[in-house]
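Engineer: The structure file entry05.txt (compact mmCIF, N, CA and C atoms) is provided below.
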```
# COMPACT_ATOMS: atom_id res chain seq x y z
N MET A 29 -10.26 6.24 7.12
CA MET A 29 -10.40 6.01 5.71
C MET A 29 -9.19 5.21 5.22
N TYR A 30 -9.48 4.20 4.41
CA TYR A 30 -8.40 3.43 3.81
C TYR A 30 -8.81 3.02 2.40
N ALA A 31 -7.82 2.58 1.64
CA ALA A 31 -8.06 2.14 0.27
C ALA A 31 -7.20 0.92 0.00
N ILE A 32 -7.72 0.02 -0.81
CA ILE A 32 -6.94 -1.10 -1.33
C ILE A 32 -6.50 -0.68 -2.72
N VAL A 33 -5.18 -0.58 -2.91
CA VAL A 33 -4.64 -0.07 -4.16
C VAL A 33 -3.66 -1.09 -4.74
N GLU A 34 -3.64 -1.19 -6.06
CA GLU A 34 -2.72 -2.10 -6.74
C GLU A 34 -1.52 -1.31 -7.23
N ILE A 35 -0.33 -1.71 -6.77
CA ILE A 35 0.92 -1.04 -7.15
C ILE A 35 1.85 -2.10 -7.69
N LYS A 36 2.21 -1.98 -8.96
CA LYS A 36 3.15 -2.90 -9.61
C LYS A 36 2.71 -4.35 -9.46
N GLY A 37 1.41 -4.61 -9.61
CA GLY A 37 0.90 -5.97 -9.59
C GLY A 37 0.62 -6.54 -8.21
N GLN A 38 0.82 -5.77 -7.15
CA GLN A 38 0.58 -6.24 -5.80
C GLN A 38 -0.43 -5.33 -5.12
N GLN A 39 -1.29 -5.89 -4.27
CA GLN A 39 -2.31 -5.11 -3.60
C GLN A 39 -1.86 -4.72 -2.20
N PHE A 40 -2.11 -3.45 -1.83
CA PHE A 40 -1.72 -2.92 -0.54
C PHE A 40 -2.90 -2.19 0.09
N LYS A 41 -2.94 -2.21 1.43
CA LYS A 41 -3.92 -1.42 2.16
C LYS A 41 -3.25 -0.09 2.50
N ALA A 42 -3.79 0.99 1.96
CA ALA A 42 -3.19 2.32 2.13
C ALA A 42 -4.04 3.16 3.06
N GLU A 43 -3.40 3.70 4.10
CA GLU A 43 -4.04 4.62 5.03
C GLU A 43 -3.19 5.87 5.10
N GLU A 44 -3.83 7.02 5.25
CA GLU A 44 -3.11 8.29 5.29
C GLU A 44 -2.14 8.31 6.47
N GLY A 45 -0.91 8.76 6.19
CA GLY A 45 0.10 8.86 7.23
C GLY A 45 0.90 7.60 7.47
N LYS A 46 0.59 6.51 6.78
CA LYS A 46 1.30 5.25 6.96
C LYS A 46 2.38 5.09 5.88
N PHE A 47 3.33 4.20 6.16
CA PHE A 47 4.40 3.89 5.22
C PHE A 47 4.11 2.59 4.51
N LEU A 48 4.56 2.48 3.26
CA LEU A 48 4.47 1.24 2.51
C LEU A 48 5.82 0.95 1.88
N TYR A 49 6.18 -0.32 1.85
CA TYR A 49 7.34 -0.78 1.11
C TYR A 49 6.81 -1.47 -0.14
N VAL A 50 6.96 -0.81 -1.29
CA VAL A 50 6.46 -1.34 -2.56
C VAL A 50 7.65 -1.76 -3.41
N HIS A 51 7.37 -2.54 -4.46
CA HIS A 51 8.44 -2.93 -5.36
C HIS A 51 9.11 -1.69 -5.93
N HIS A 52 10.40 -1.79 -6.22
CA HIS A 52 11.21 -0.65 -6.66
C HIS A 52 10.51 0.09 -7.80
N LEU A 53 10.35 1.41 -7.64
CA LEU A 53 9.58 2.21 -8.59
C LEU A 53 10.38 2.63 -9.82
N GLY A 54 11.68 2.41 -9.82
CA GLY A 54 12.49 2.71 -10.99
C GLY A 54 13.62 3.67 -10.67
N ALA A 55 14.56 3.78 -11.61
CA ALA A 55 15.75 4.60 -11.39
C ALA A 55 15.45 6.09 -11.52
N ASP A 56 14.38 6.46 -12.22
CA ASP A 56 14.07 7.87 -12.44
C ASP A 56 13.35 8.52 -11.25
N VAL A 57 12.93 7.75 -10.27
CA VAL A 57 12.23 8.28 -9.09
C VAL A 57 13.27 8.71 -8.06
N LYS A 58 13.14 9.94 -7.58
CA LYS A 58 14.08 10.50 -6.61
C LYS A 58 13.40 10.64 -5.25
N GLU A 59 14.22 10.87 -4.22
CA GLU A 59 13.71 11.08 -2.88
C GLU A 59 12.94 12.39 -2.83
N GLY A 60 11.74 12.37 -2.26
CA GLY A 60 10.90 13.56 -2.16
C GLY A 60 9.93 13.72 -3.30
N ASP A 61 10.00 12.87 -4.33
CA ASP A 61 9.07 12.96 -5.45
C ASP A 61 7.66 12.57 -5.02
N ALA A 62 6.69 13.16 -5.69
CA ALA A 62 5.29 12.81 -5.45
C ALA A 62 4.85 11.84 -6.54
N VAL A 63 4.25 10.73 -6.13
CA VAL A 63 3.71 9.75 -7.07
C VAL A 63 2.25 9.50 -6.72
N ALA A 64 1.47 9.18 -7.73
CA ALA A 64 0.05 8.91 -7.52
C ALA A 64 -0.28 7.55 -8.14
N PHE A 65 -1.05 6.75 -7.43
CA PHE A 65 -1.49 5.45 -7.91
C PHE A 65 -3.00 5.52 -8.09
N ASP A 66 -3.45 5.29 -9.33
CA ASP A 66 -4.88 5.47 -9.62
C ASP A 66 -5.66 4.17 -9.74
N LYS A 67 -5.02 3.04 -9.54
CA LYS A 67 -5.73 1.77 -9.61
C LYS A 67 -6.22 1.39 -8.21
N VAL A 68 -7.26 2.09 -7.75
CA VAL A 68 -7.85 1.86 -6.43
C VAL A 68 -8.96 0.82 -6.60
N LEU A 69 -8.81 -0.30 -5.91
CA LEU A 69 -9.76 -1.41 -6.06
C LEU A 69 -10.91 -1.31 -5.08
N LEU A 70 -10.68 -0.75 -3.89
CA LEU A 70 -11.70 -0.63 -2.87
C LEU A 70 -11.44 0.63 -2.07
N LEU A 71 -12.51 1.29 -1.66
CA LEU A 71 -12.41 2.53 -0.91
C LEU A 71 -13.35 2.44 0.28
N ASP A 72 -12.85 2.71 1.48
CA ASP A 72 -13.67 2.69 2.68
C ASP A 72 -13.57 4.05 3.36
N ALA A 73 -14.66 4.79 3.35
CA ALA A 73 -14.73 6.11 3.98
C ALA A 73 -15.63 6.01 5.21
N ASP A 74 -15.05 5.58 6.33
CA ASP A 74 -15.77 5.45 7.61
C ASP A 74 -17.03 4.60 7.50
N GLY A 75 -16.88 3.41 6.94
CA GLY A 75 -18.00 2.47 6.85
C GLY A 75 -18.70 2.49 5.52
N ASP A 76 -18.53 3.53 4.71
CA ASP A 76 -19.13 3.60 3.38
C ASP A 76 -18.15 2.98 2.39
N VAL A 77 -18.39 1.71 2.04
CA VAL A 77 -17.47 0.95 1.21
C VAL A 77 -17.87 1.06 -0.26
N THR A 78 -16.87 1.39 -1.11
CA THR A 78 -17.06 1.44 -2.55
C THR A 78 -16.12 0.43 -3.19
N VAL A 79 -16.69 -0.53 -3.91
CA VAL A 79 -15.89 -1.55 -4.58
C VAL A 79 -15.87 -1.24 -6.06
N GLY A 80 -14.69 -1.22 -6.64
CA GLY A 80 -14.55 -0.93 -8.06
C GLY A 80 -14.77 -2.16 -8.91
N ALA A 81 -15.04 -1.90 -10.19
CA ALA A 81 -15.22 -3.00 -11.13
C ALA A 81 -14.44 -2.69 -12.40
N PRO A 82 -13.17 -2.90 -12.52
CA PRO A 82 -12.23 -3.39 -11.52
C PRO A 82 -11.66 -2.30 -10.62
N ALA A 83 -11.74 -1.02 -11.03
CA ALA A 83 -11.17 0.06 -10.21
C ALA A 83 -12.24 1.11 -9.95
N VAL A 84 -12.07 1.86 -8.86
CA VAL A 84 -13.00 2.93 -8.51
C VAL A 84 -12.68 4.14 -9.39
N GLU A 85 -13.69 4.65 -10.08
CA GLU A 85 -13.50 5.78 -10.99
C GLU A 85 -13.15 7.05 -10.24
N GLY A 86 -12.08 7.72 -10.67
CA GLY A 86 -11.70 9.01 -10.12
C GLY A 86 -10.96 8.97 -8.80
N ALA A 87 -10.79 7.79 -8.23
CA ALA A 87 -10.07 7.68 -6.95
C ALA A 87 -8.60 7.45 -7.21
N LYS A 88 -7.76 8.02 -6.33
CA LYS A 88 -6.33 7.79 -6.44
C LYS A 88 -5.68 7.99 -5.08
N VAL A 89 -4.47 7.46 -4.95
CA VAL A 89 -3.71 7.56 -3.72
C VAL A 89 -2.44 8.35 -4.04
N GLU A 90 -2.26 9.47 -3.33
CA GLU A 90 -1.09 10.31 -3.54
C GLU A 90 -0.05 10.00 -2.49
N CYS A 91 1.20 9.78 -2.92
CA CYS A 91 2.28 9.36 -2.03
C CYS A 91 3.51 10.23 -2.25
N GLU A 92 4.40 10.18 -1.26
CA GLU A 92 5.70 10.83 -1.36
C GLU A 92 6.77 9.75 -1.17
N VAL A 93 7.77 9.75 -2.06
CA VAL A 93 8.85 8.77 -1.99
C VAL A 93 9.83 9.21 -0.91
N LEU A 94 9.98 8.38 0.13
CA LEU A 94 10.93 8.69 1.20
C LEU A 94 12.30 8.11 0.90
N LEU A 95 12.35 6.85 0.52
CA LEU A 95 13.61 6.21 0.13
C LEU A 95 13.36 5.48 -1.18
N PRO A 96 14.02 5.92 -2.28
CA PRO A 96 13.75 5.29 -3.57
C PRO A 96 14.28 3.86 -3.69
N LEU A 97 15.31 3.50 -2.90
CA LEU A 97 15.86 2.16 -2.99
C LEU A 97 16.18 1.64 -1.60
N VAL A 98 15.47 0.60 -1.21
CA VAL A 98 15.69 -0.08 0.06
C VAL A 98 15.83 -1.56 -0.28
N LYS A 99 16.86 -2.20 0.27
CA LYS A 99 17.03 -3.62 0.00
C LYS A 99 16.40 -4.44 1.12
N GLY A 100 15.71 -5.50 0.74
CA GLY A 100 15.07 -6.37 1.71
C GLY A 100 16.06 -7.35 2.31
N ASP A 101 15.56 -8.24 3.13
CA ASP A 101 16.39 -9.26 3.76
C ASP A 101 16.93 -10.21 2.71
N LYS A 102 18.09 -10.77 3.00
CA LYS A 102 18.71 -11.70 2.07
C LYS A 102 18.00 -13.05 2.14
N VAL A 103 17.73 -13.60 0.97
CA VAL A 103 17.11 -14.91 0.85
C VAL A 103 18.14 -15.83 0.21
N ILE A 104 18.41 -16.95 0.87
CA ILE A 104 19.37 -17.92 0.36
C ILE A 104 18.61 -19.00 -0.43
N VAL A 105 19.04 -19.23 -1.67
CA VAL A 105 18.47 -20.29 -2.51
C VAL A 105 19.52 -21.38 -2.59
N PHE A 106 19.22 -22.55 -2.03
CA PHE A 106 20.17 -23.65 -2.00
C PHE A 106 19.55 -24.85 -2.67
N LYS A 107 20.24 -25.37 -3.69
CA LYS A 107 19.76 -26.56 -4.40
C LYS A 107 20.77 -27.67 -4.22
N LYS A 108 20.25 -28.88 -4.00
CA LYS A 108 21.14 -30.01 -3.80
C LYS A 108 20.46 -31.27 -4.28
N LYS A 109 21.25 -32.14 -4.91
CA LYS A 109 20.79 -33.49 -5.24
C LYS A 109 21.71 -34.45 -4.50
N ARG A 110 21.11 -35.23 -3.67
CA ARG A 110 21.93 -36.08 -2.80
C ARG A 110 22.67 -37.15 -3.60
N ARG A 111 23.85 -37.45 -3.13
CA ARG A 111 24.73 -38.48 -3.66
C ARG A 111 25.20 -38.19 -5.09
N LYS A 112 25.00 -37.02 -5.62
CA LYS A 112 25.41 -36.70 -6.99
C LYS A 112 26.49 -35.63 -7.05
N GLY A 113 26.80 -35.00 -5.91
CA GLY A 113 27.81 -33.95 -5.91
C GLY A 113 27.30 -32.63 -6.47
N TYR A 114 25.99 -32.47 -6.53
CA TYR A 114 25.39 -31.25 -7.10
C TYR A 114 24.92 -30.35 -5.97
N ARG A 115 25.56 -29.18 -5.84
CA ARG A 115 25.15 -28.18 -4.84
C ARG A 115 25.29 -26.81 -5.47
N ARG A 116 24.25 -26.00 -5.35
CA ARG A 116 24.28 -24.61 -5.84
C ARG A 116 23.74 -23.71 -4.74
N LYS A 117 24.50 -22.68 -4.42
CA LYS A 117 24.07 -21.72 -3.41
C LYS A 117 24.01 -20.35 -4.06
N ASN A 118 22.87 -19.70 -3.90
CA ASN A 118 22.66 -18.40 -4.52
C ASN A 118 21.92 -17.52 -3.52
N GLY A 119 22.26 -16.24 -3.49
CA GLY A 119 21.59 -15.30 -2.60
C GLY A 119 20.87 -14.23 -3.39
N HIS A 120 19.85 -13.63 -2.78
CA HIS A 120 19.06 -12.62 -3.46
C HIS A 120 18.52 -11.62 -2.44
N ARG A 121 18.58 -10.32 -2.78
CA ARG A 121 17.97 -9.28 -1.94
C ARG A 121 17.02 -8.48 -2.83
N GLN A 122 15.74 -8.51 -2.50
CA GLN A 122 14.72 -7.80 -3.27
C GLN A 122 14.85 -6.30 -3.05
N GLN A 123 14.59 -5.52 -4.09
CA GLN A 123 14.66 -4.07 -4.01
C GLN A 123 13.26 -3.50 -3.82
N PHE A 124 13.15 -2.56 -2.85
CA PHE A 124 11.88 -1.93 -2.53
C PHE A 124 12.04 -0.42 -2.57
N SER A 125 10.91 0.29 -2.55
CA SER A 125 10.88 1.73 -2.35
C SER A 125 9.96 2.00 -1.17
N LYS A 126 10.37 2.93 -0.31
CA LYS A 126 9.56 3.29 0.85
C LYS A 126 8.79 4.55 0.52
N VAL A 127 7.45 4.48 0.62
CA VAL A 127 6.60 5.62 0.30
C VAL A 127 5.73 5.95 1.50
N LEU A 128 5.38 7.22 1.62
CA LEU A 128 4.49 7.72 2.65
C LEU A 128 3.17 8.09 1.99
N ILE A 129 2.07 7.59 2.53
CA ILE A 129 0.74 7.88 1.97
C ILE A 129 0.35 9.28 2.45
N LYS A 130 0.24 10.21 1.51
CA LYS A 130 -0.12 11.60 1.85
C LYS A 130 -1.63 11.80 1.91
N LYS A 131 -2.31 11.36 0.83
CA LYS A 131 -3.75 11.64 0.75
C LYS A 131 -4.44 10.60 -0.10
N ILE A 132 -5.66 10.26 0.28
CA ILE A 132 -6.51 9.38 -0.53
C ILE A 132 -7.61 10.26 -1.12
N VAL A 133 -7.60 10.38 -2.44
CA VAL A 133 -8.55 11.22 -3.14
C VAL A 133 -9.72 10.37 -3.60
N THR A 134 -10.93 10.75 -3.21
CA THR A 134 -12.13 10.00 -3.62
C THR A 134 -12.73 10.66 -4.84
N ALA A 135 -13.60 9.94 -5.48
CA ALA A 135 -14.23 10.43 -6.71
C ALA A 135 -15.24 11.52 -6.41
```
Take the structure in this file and express it as structure tokens.
Structural biologist:
Amino acid sequence: MYAIVEIKGQQFKAEEGKFLYVHHLGADVKEGDAVAFDKVLLLDADGDVTVGAPAVEGAKVECEVLLPLVKGDKVIVFKKKRRKGYRRKNGHRQQFSKVLIKKIVTA
């Protein structure tokens, strides 16, 4: 059984017992907290597919926060205009939260 769920504007395939790295859930979320995402777009229960319009009624994905703040790989942003002496170097590390999918609740 799996579900396609929208979390913070991004779609993820959620399966029970798997980990997801989602966009940072906020400063108020602590390690071990239970969170539920109710915007389930598609539900597959062993071949029985339910597609929401836009979301499946009554379905939700229950998760446990394992690490509330995980930093991603560093991305270097380098801008240059040739022959003008213009160079800008900037770095960025995206913040994520690691969650464990506990249960997929169907309608």
Engineer: Name the residues in contact with segment 75-88 of chain A at a cut-off of 6.5 Å, using only N, CA and C atoms, excluding same-chain residues fewer than 5 positions from it; report them as a ChimeraX atom specification.
Structural biologist: /A:64-70,131-135
Engineer: I'd like the contact shell of Leu94 of chain A - 6 Å cut-off, all atoms listed in the file, skipping same-chain residues fewer than 3 positions apart - returned as a PyMOL selection string.
Structural biologist: chain A and resi 59-60+126-128
Engineer: Residues within 6 Å of (-13.4, 7.8, 2.5), file coordinates, counting only C-alpha atoms: what are they? Give the list as a ChimeraX atom specification.
Structural biologist: /A:29,72-73
Engineer: Could you please determine the separation between atom C of Ser125 of chain A and atom N of Lys107 of chain A in Å, to one decimal place?
Structural biologist: 29.3 Å
Engineer: List as a PyMOL selection string the residues having at least one atom at most 7 Å from position (7.0, -5.6, -5.0) as given in the file, counting only N, CA and C atoms.
Structural biologist: chain A and resi 35-36+38+49-52+123-124
Engineer: Enumerate as a JSON list (two decimals) with N, CA and C atoms, keeping the file's coordinate frame all residues of segment 44-126 of chain A assigned to strand (DSSP E) by DSSP on the backbone, naming them with the chain letters and numbers the document uses.
Structural biologist:
```
[["chain", "number", "residue", "atom", "x", "y", "z"],
["A", 47, "PHE", "N", 3.33, 4.20, 6.16],
["A", 47, "PHE", "CA", 4.40, 3.89, 5.22],
["A", 47, "PHE", "C", 4.11, 2.59, 4.51],
["A", 48, "LEU", "N", 4.56, 2.48, 3.26],
["A", 48, "LEU", "CA", 4.47, 1.24, 2.51],
["A", 48, "LEU", "C", 5.82, 0.95, 1.88],
["A", 49, "TYR", "N", 6.18, -0.32, 1.85],
["A", 49, "TYR", "CA", 7.34, -0.78, 1.11],
["A", 49, "TYR", "C", 6.81, -1.47, -0.14],
["A", 50, "VAL", "N", 6.96, -0.81, -1.29],
["A", 50, "VAL", "CA", 6.46, -1.34, -2.56],
["A", 50, "VAL", "C", 7.65, -1.76, -3.41],
["A", 51, "HIS", "N", 7.37, -2.54, -4.46],
["A", 51, "HIS", "CA", 8.44, -2.93, -5.36],
["A", 51, "HIS", "C", 9.11, -1.69, -5.93],
["A", 62, "ALA", "N", 6.69, 13.16, -5.69],
["A", 62, "ALA", "CA", 5.29, 12.81, -5.45],
["A", 62, "ALA", "C", 4.85, 11.84, -6.54],
["A", 63, "VAL", "N", 4.25, 10.73, -6.13],
["A", 63, "VAL", "CA", 3.71, 9.75, -7.07],
["A", 63, "VAL", "C", 2.25, 9.50, -6.72],
["A", 64, "ALA", "N", 1.47, 9.18, -7.73],
["A", 64, "ALA", "CA", 0.05, 8.91, -7.52],
["A", 64, "ALA", "C", -0.28, 7.55, -8.14],
["A", 65, "PHE", "N", -1.05, 6.75, -7.43],
["A", 65, "PHE", "CA", -1.49, 5.45, -7.91],
["A", 65, "PHE", "C", -3.00, 5.52, -8.09],
["A", 68, "VAL", "N", -7.26, 2.09, -7.75],
["A", 68, "VAL", "CA", -7.85, 1.86, -6.43],
["A", 68, "VAL", "C", -8.96, 0.82, -6.60],
["A", 69, "LEU", "N", -8.81, -0.30, -5.91],
["A", 69, "LEU", "CA", -9.76, -1.41, -6.06],
["A", 69, "LEU", "C", -10.91, -1.31, -5.08],
["A", 70, "LEU", "N", -10.68, -0.75, -3.89],
["A", 70, "LEU", "CA", -11.70, -0.63, -2.87],
["A", 70, "LEU", "C", -11.44, 0.63, -2.07],
["A", 71, "LEU", "N", -12.51, 1.29, -1.66],
["A", 71, "LEU", "CA", -12.41, 2.53, -0.91],
["A", 71, "LEU", "C", -13.35, 2.44, 0.28],
["A", 72, "ASP", "N", -12.85, 2.71, 1.48],
["A", 72, "ASP", "CA", -13.67, 2.69, 2.68],
["A", 72, "ASP", "C", -13.57, 4.05, 3.36],
["A", 73, "ALA", "N", -14.66, 4.79, 3.35],
["A", 73, "ALA", "CA", -14.73, 6.11, 3.98],
["A", 73, "ALA", "C", -15.63, 6.01, 5.21],
["A", 76, "ASP", "N", -18.53, 3.53, 4.71],
["A", 76, "ASP", "CA", -19.13, 3.60, 3.38],
["A", 76, "ASP", "C", -18.15, 2.98, 2.39],
["A", 77, "VAL", "N", -18.39, 1.71, 2.04],
["A", 77, "VAL", "CA", -17.47, 0.95, 1.21],
["A", 77, "VAL", "C", -17.87, 1.06, -0.26],
["A", 78, "THR", "N", -16.87, 1.39, -1.11],
["A", 78, "THR", "CA", -17.06, 1.44, -2.55],
["A", 78, "THR", "C", -16.12, 0.43, -3.19],
["A", 79, "VAL", "N", -16.69, -0.53, -3.91],
["A", 79, "VAL", "CA", -15.89, -1.55, -4.58],
["A", 79, "VAL", "C", -15.87, -1.24, -6.06],
["A", 88, "LYS", "N", -7.76, 8.02, -6.33],
["A", 88, "LYS", "CA", -6.33, 7.79, -6.44],
["A", 88, "LYS", "C", -5.68, 7.99, -5.08],
["A", 89, "VAL", "N", -4.47, 7.46, -4.95],
["A", 89, "VAL", "CA", -3.71, 7.56, -3.72],
["A", 89, "VAL", "C", -2.44, 8.35, -4.04],
["A", 90, "GLU", "N", -2.26, 9.47, -3.33],
["A", 90, "GLU", "CA", -1.09, 10.31, -3.54],
["A", 90, "GLU", "C", -0.05, 10.00, -2.49],
["A", 91, "CYS", "N", 1.20, 9.78, -2.92],
["A", 91, "CYS", "CA", 2.28, 9.36, -2.03],
["A", 91, "CYS", "C", 3.51, 10.23, -2.25],
["A", 92, "GLU", "N", 4.40, 10.18, -1.26],
["A", 92, "GLU", "CA", 5.70, 10.83, -1.36],
["A", 92, "GLU", "C", 6.77, 9.75, -1.17],
["A", 93, "VAL", "N", 7.77, 9.75, -2.06],
["A", 93, "VAL", "CA", 8.85, 8.77, -1.99],
["A", 93, "VAL", "C", 9.83, 9.21, -0.91],
["A", 94, "LEU", "N", 9.98, 8.38, 0.13],
["A", 94, "LEU", "CA", 10.93, 8.69, 1.20],
["A", 94, "LEU", "C", 12.30, 8.11, 0.90],
["A", 95, "LEU", "N", 12.35, 6.85, 0.52],
["A", 95, "LEU", "CA", 13.61, 6.21, 0.13],
["A", 95, "LEU", "C", 13.36, 5.48, -1.18],
["A", 96, "PRO", "N", 14.02, 5.92, -2.28],
["A", 96, "PRO", "CA", 13.75, 5.29, -3.57],
["A", 96, "PRO", "C", 14.28, 3.86, -3.69],
["A", 97, "LEU", "N", 15.31, 3.50, -2.90],
["A", 97, "LEU", "CA", 15.86, 2.16, -2.99],
["A", 97, "LEU", "C", 16.18, 1.64, -1.60],
["A", 98, "VAL", "N", 15.47, 0.60, -1.21],
["A", 98, "VAL", "CA", 15.69, -0.08, 0.06],
["A", 98, "VAL", "C", 15.83, -1.56, -0.28],
["A", 99, "LYS", "N", 16.86, -2.20, 0.27],
["A", 99, "LYS", "CA", 17.03, -3.62, 0.00],
["A", 99, "LYS", "C", 16.40, -4.44, 1.12],
["A", 100, "GLY", "N", 15.71, -5.50, 0.74],
["A", 100, "GLY", "CA", 15.07, -6.37, 1.71],
["A", 100, "GLY", "C", 16.06, -7.35, 2.31],
["A", 101, "ASP", "N", 15.56, -8.24, 3.13],
["A", 101, "ASP", "CA", 16.39, -9.26, 3.76],
["A", 101, "ASP", "C", 16.93, -10.21, 2.71],
["A", 102, "LYS", "N", 18.09, -10.77, 3.00],
["A", 102, "LYS", "CA", 18.71, -11.70, 2.07],
["A", 102, "LYS", "C", 18.00, -13.05, 2.14],
["A", 103, "VAL", "N", 17.73, -13.60, 0.97],
["A", 103, "VAL", "CA", 17.11, -14.91, 0.85],
["A", 103, "VAL", "C", 18.14, -15.83, 0.21],
["A", 104, "ILE", "N", 18.41, -16.95, 0.87],
["A", 104, "ILE", "CA", 19.37, -17.92, 0.36],
["A", 104, "ILE", "C", 18.61, -19.00, -0.43],
["A", 105, "VAL", "N", 19.04, -19.23, -1.67],
["A", 105, "VAL", "CA", 18.47, -20.29, -2.51],
["A", 105, "VAL", "C", 19.52, -21.38, -2.59],
["A", 106, "PHE", "N", 19.22, -22.55, -2.03],
["A", 106, "PHE", "CA", 20.17, -23.65, -2.00],
["A", 106, "PHE", "C", 19.55, -24.85, -2.67],
["A", 107, "LYS", "N", 20.24, -25.37, -3.69],
["A", 107, "LYS", "CA", 19.76, -26.56, -4.40],
["A", 107, "LYS", "C", 20.77, -27.67, -4.22],
["A", 108, "LYS", "N", 20.25, -28.88, -4.00],
["A", 108, "LYS", "CA", 21.14, -30.01, -3.80],
["A", 108, "LYS", "C", 20.46, -31.27, -4.28],
["A", 109, "LYS", "N", 21.25, -32.14, -4.91],
["A", 109, "LYS", "CA", 20.79, -33.49, -5.24],
["A", 109, "LYS", "C", 21.71, -34.45, -4.50],
["A", 114, "TYR", "N", 25.99, -32.47, -6.53],
["A", 114, "TYR", "CA", 25.39, -31.25, -7.10],
["A", 114, "TYR", "C", 24.92, -30.35, -5.97],
["A", 115, "ARG", "N", 25.56, -29.18, -5.84],
["A", 115, "ARG", "CA", 25.15, -28.18, -4.84],
["A", 115, "ARG", "C", 25.29, -26.81, -5.47],
["A", 116, "ARG", "N", 24.25, -26.00, -5.35],
["A", 116, "ARG", "CA", 24.28, -24.61, -5.84],
["A", 116, "ARG", "C", 23.74, -23.71, -4.74],
["A", 117, "LYS", "N", 24.50, -22.68, -4.42],
["A", 117, "LYS", "CA", 24.07, -21.72, -3.41],
["A", 117, "LYS", "C", 24.01, -20.35, -4.06],
["A", 118, "ASN", "N", 22.87, -19.70, -3.90],
["A", 118, "ASN", "CA", 22.66, -18.40, -4.52],
["A", 118, "ASN", "C", 21.92, -17.52, -3.52],
["A", 119, "GLY", "N", 22.26, -16.24, -3.49],
["A", 119, "GLY", "CA", 21.59, -15.30, -2.60],
["A", 119, "GLY", "C", 20.87, -14.23, -3.39],
["A", 120, "HIS", "N", 19.85, -13.63, -2.78],
["A", 120, "HIS", "CA", 19.06, -12.62, -3.46],
["A", 120, "HIS", "C", 18.52, -11.62, -2.44],
["A", 121, "ARG", "N", 18.58, -10.32, -2.78],
["A", 121, "ARG", "CA", 17.97, -9.28, -1.94],
["A", 121, "ARG", "C", 17.02, -8.48, -2.83],
["A", 122, "GLN", "N", 15.74, -8.51, -2.50],
["A", 122, "GLN", "CA", 14.72, -7.80, -3.27],
["A", 122, "GLN", "C", 14.85, -6.30, -3.05],
["A", 123, "GLN", "N", 14.59, -5.52, -4.09],
["A", 123, "GLN", "CA", 14.66, -4.07, -4.01],
["A", 123, "GLN", "C", 13.26, -3.50, -3.82],
["A", 124, "PHE", "N", 13.15, -2.56, -2.85],
["A", 124, "PHE", "CA", 11.88, -1.93, -2.53],
["A", 124, "PHE", "C", 12.04, -0.42, -2.57],
["A", 125, "SER", "N", 10.91, 0.29, -2.55],
["A", 125, "SER", "CA", 10.88, 1.73, -2.35],
["A", 125, "SER", "C", 9.96, 2.00, -1.17],
["A", 126, "LYS", "N", 10.37, 2.93, -0.31],
["A", 126, "LYS", "CA", 9.56, 3.29, 0.85],
["A", 126, "LYS", "C", 8.79, 4.55, 0.52]]
```
Engineer: Record the distance separating atom CA of Glu44 of chain A and atom C of Gln122 of chain A, expressed in Å with one decimal.
Structural biologist: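 Atom C of Gln122 of chain A lies at a distance of 24.6 Å from atom CA of Glu44 of chain A.
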Engineer: Fewer than 3 positions away in the same chain doesn't count, so skip those; otherwise give me all residues within 8 Å of Asn118 of chain A, counting only C-alpha atoms, as a list in words.
Structural biologist: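 Close residues of Asn118 of chain A: Ile104, Val105 and Phe106 of chain A.
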Engineer: What separation in Å, quoted to one decimal, exists between atom C of Leu95 of chain A and atom N of Leu71 of chain A?
Structural biologist: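 One can read the atom C of Leu95 of chain A to atom N of Leu71 of chain A distance as 26.2 Å.
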Engineer: With a distance cut-off of 7 Å and only N, CA and C atoms, select the neighbouring residues of Lys41 of chain A, excluding the residue or stretch itself and same-chain residues fewer than 6 positions from it, and output the selection as a list in words.
Structural biologist: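 Result of the neighbour search: Tyr30, Ala31, Ile32 and Val33 of chain A.
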Engineer: With all atoms of segment 32-47 of chain A from the file as input, state the centre and edge lengths in Å to one decimal of the axis-aligned box that has 5 Å extra on each side, as AutoDock Vina command-line options.
Structural biologist:
```
--center_x -1.7 --center_y 1.2 --center_z -1.1 --size_x 22.1 --size_y 25.4 --size_z 27.1
```
